[in-house]
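A.B. asks: Structure incoming, see below.
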Amino acid sequence: MEFNDINTKPSSDCETTFYENMKITSAPLQSSASSKPEQTVNEEGLYEQLRLKKKTQLKEDTLQRIKLFMYINFALGSVLCVTVIALIIVVAVPKHQDVDGGWTSWGNWVSCSESCGGGVQSRARTCSNPLPSLSGKYCHGSPVEVKTCNRESCTGICLTQNPFMTCFCILLDGGWSLWENWGLCTESCGVGVRTRSRSCTSPTPSLTGRSCVGDYTDVSTCNRTTCPQHIVAFTAYNIYRNSSVFTALLFRNTYTNFGNAYNTTTGKFVCNVPGVYHFVVTLTKYFQDIGFINAYLRINGSTKLYLHINPEDDNSNEVGAYMLTGAGTYHLDRNDVVYVYGIPNYFYYGSYSYFTGFLIIPDQ
């Protein structure tokens, strides 16, 4: 502020107030009588402006206080509403009963941790049958069960053991056992085959060891000697006329009997070389009056060949000699018996009647 050349003091009936930021400049002073009315008008205008400005500021402050009061009342009302709602929920909603938890069934055992030497395996369950409520009790006990497994010794040399009984073994390769005895030869002569075997058990390889190298079975030939020739053949003759009833015909003599299969004391052929045989029976009727004649080739008592003659078909008395013949080929097993069955007194003795047979093909 600057005050210059002020020599005259205003009259005491008008008080002038100075405000901040107000600039008063110097002006030539006139006499008291001429400047007083103009100065009074200027001061009143300035005062009016200041008063209006102050009134406007007061009105804005009042509105701000009203808004703040309304915000506070709204916040308090919201808190009160929330509190009331929470109390209503607590009082009105019924309380649920506490539920304690329960265990489910045990699950399956997991695989053993070791294949030998002792390992561990476990199984689990959960506390969800039912689930416990917020204020319920949790299940009592452990959710996991553990046990040992595969406690048999490992194959190999055990170096050390841990607290879980697990055996740490070195690698062990397998070794062959001794050969077993040779088996029976497939043939008695003419070259057969026989076998023998061994096993990879001396020692048995460990789980990570190498198995034996080579064959488990050995094969060789055997009985390489030449087989004897199977010659079986006979021709028997001279029926022993000793009976008038059916019986085994006895041919008491033989021209040939290779292999000695035909027996002249029983009249029967007994097979000692299995195979295919051919037999022939020739019988000559005795010179007398005989109505009809039957004869049979039997194997083990069963009729295989049927021979028949009826010399009196024309109702004449026929006493002449007649010949009947039959032949057949059969397979015989060892100890099969072949013979001719008929009435001995109906046939001529000597070389008129005969029984013959021979081996065609022996069994292999």
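Letters A, B, ... go to the chains of the structure tokens in the order shown; residues in each chain start at 1; ligands are counted from 1 in the same order.
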Identify, on the basis of only C-alpha atoms, every residue whose closest approach to Pro344 (chain A) does not exceed 7 Å; exclude the query and any residue fewer than 5 positions from it along the same chain; express the result as a list in words.
C.D. replies: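 My reading of the contact set: Ile239, Tyr240, Arg241, Asn242, Ser243, Ser244 and Leu249 of chain A.
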A.B. asks: Please, could you write that set of residues out with C-alpha atoms as a PDB file, in the first residue's frame?
C.D. replies:
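Result file again.pdb:
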ATOM      1  CA  ILE A 239      -6.353-182.165 -40.809  1.00  0.00           C
ATOM      2  CA  TYR A 240      -6.628-184.288 -37.729  1.00  0.00           C
ATOM      3  CA  ARG A 241     -10.064-186.012 -38.084  1.00  0.00           C
ATOM      4  CA  ASN A 242     -10.849-186.419 -34.424  1.00  0.00           C
ATOM      5  CA  SER A 243     -14.336-184.905 -33.912  1.00  0.00           C
ATOM      6  CA  SER A 244     -17.818-184.720 -35.397  1.00  0.00           C
ATOM      7  CA  LEU A 249      -9.361-177.518 -37.071  1.00  0.00           C
TER       8      LEU A 249
END
A.B. asks: Which residues, written as a list in words, have at least one atom at most 9 Å from Thr266 (chain A), with only C-alpha atoms counted and residues fewer than 6 positions away on the same chain left out?
C.D. replies: Ala248, Leu249, Leu250, Phe251 and Arg252 of chain A
A.B. asks: Write a file of the just-selected residues containing N, CA, C and O atoms, as a compact mmCIF listing (two decimals), in the first residue's frame.
C.D. replies:
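Output below, filename result-v6.txt:
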# COMPACT_ATOMS: atom_id res chain seq x y z
N ALA A 248 -11.83 -176.02 -33.38
CA ALA A 248 -10.71 -175.49 -34.17
C ALA A 248 -10.06 -176.63 -34.94
O ALA A 248 -9.68 -177.65 -34.35
N LEU A 249 -9.98 -176.48 -36.25
CA LEU A 249 -9.36 -177.52 -37.07
C LEU A 249 -7.85 -177.53 -36.84
O LEU A 249 -7.19 -176.49 -36.89
N LEU A 250 -7.33 -178.74 -36.61
CA LEU A 250 -5.91 -178.90 -36.32
C LEU A 250 -5.21 -179.44 -37.57
O LEU A 250 -5.44 -180.59 -37.99
N PHE A 251 -4.38 -178.58 -38.17
CA PHE A 251 -3.53 -178.99 -39.29
C PHE A 251 -2.18 -179.39 -38.68
O PHE A 251 -1.44 -178.54 -38.17
N ARG A 252 -1.88 -180.69 -38.74
CA ARG A 252 -0.79 -181.23 -37.93
C ARG A 252 0.59 -181.07 -38.57
O ARG A 252 1.60 -181.25 -37.89
A.B. asks: Please run DSSP on the backbone and report, as a PyMOL selection string, all residues within region 150-320 of chain A that come out as strand (DSSP E).
C.D. replies: chain A and resi 158-161+167-169+192-197+217-222+233-239+247-248+251-258+262-263+268-270+275-284+293-299+302-309
A.B. asks: Excluding same-chain residues fewer than 4 positions from region 122-124 of chain A, what lies within 7 Å of it counting only C-alpha atoms, as a PyMOL selection string?
C.D. replies: chain A and resi 106-110+143-147
A.B. asks: What does the distance between CA of Ser302 (chain A) and CA of Ser351 (chain A) come to in Å, to one decimal place?
C.D. replies: 26.7 Å
A.B. asks: May I ask for the distance between CA of Gly183 (chain A) and CA of Ile361 (chain A), given in Å to one decimal place?
C.D. replies: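 Result for CA of Gly183 (chain A) versus CA of Ile361 (chain A): 28.7 Å, one decimal.
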A.B. asks: When you count only C-alpha atoms, which of these residues is closest to Val213 (chain A): A:Gly175, A:Gly275, A:Gly350, A:Gly190?
C.D. replies: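 The answer is A:Gly175, which sits nearest to Val213 (chain A).
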A.B. asks: Give me, as a PyMOL selection string, all polymer residues having an atom no more than 9 Å from Thr186 (chain A), counting only C-alpha atoms and skipping those fewer than 4 positions away in the same chain.
C.D. replies: chain A and resi 191-194+222-223
A.B. asks: Which residues are near Ser211 (chain A)? Cut-off 9 Å, only C-alpha atoms, ignore same chain within fewer than 2 positions. Put them as a ChimeraX atom specification.
C.D. replies: /A:173-175,200,204-206,209,213
A.B. asks: With only C-alpha atoms as the atoms that count, which of A:Asn150, A:Gln288, A:Thr104, A:Asn263 lies nearest to Gly118 (chain A)?
C.D. replies: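 Looking only at the distances to Gly118 (chain A), the closest residue turns out to be A:Asn150.
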A.B. asks: Of the residues A:Arg151, A:Lys304, A:Arg224, A:Lys137, which is the one nearest to Val280 (chain A), using only C-alpha atoms?
C.D. replies: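 Checking each of A:Arg151, A:Lys304, A:Arg224, A:Lys137 against Val280 (chain A), counting only C-alpha atoms, the winner is A:Lys304.
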A.B. asks: What's the 10 Å shell around Trp182 (chain A), counting only C-alpha atoms, without same-chain residues fewer than 5 positions away, as a short mmCIF file (atom, residue, chain, number, x, y, z; two decimals) with C-alpha atoms, in the first residue's frame?
C.D. replies:
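To be explicit, this is the file written out as out-v4.cif:
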data_model
loop_
_atom_site.label_atom_id
_atom_site.label_comp_id
_atom_site.auth_asym_id
_atom_site.auth_seq_id
_atom_site.Cartn_x
_atom_site.Cartn_y
_atom_site.Cartn_z
CA ARG A 194 16.09 -139.42 -28.31
CA THR A 195 16.23 -136.21 -26.26
CA ARG A 196 17.58 -134.86 -23.00
CA SER A 197 17.13 -131.49 -21.28
CA ASP A 218 19.61 -131.80 -26.83
CA VAL A 219 18.60 -134.27 -29.58
CA SER A 220 20.52 -137.20 -30.99
#
A.B. asks: What is the distance, in Å and to one decimal place, between CA of His140 (chain A) and CA of Val99 (chain A)?
C.D. replies: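 Computing it gives 14.0 Å between the two atoms.
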A.B. asks: When you count only C-alpha atoms, which of these residues is closest to Cys149 (chain A): A:Ser113, A:Asn253, A:Thr126, A:Thr303?
C.D. replies: A:Ser113
A.B. asks: Can you work out which one of A:Lys268, A:Lys55, A:Arg125, A:Arg334 has the shortest atom-to-atom distance to Trp103 (chain A), counting only C-alpha atoms?
C.D. replies: A:Arg125
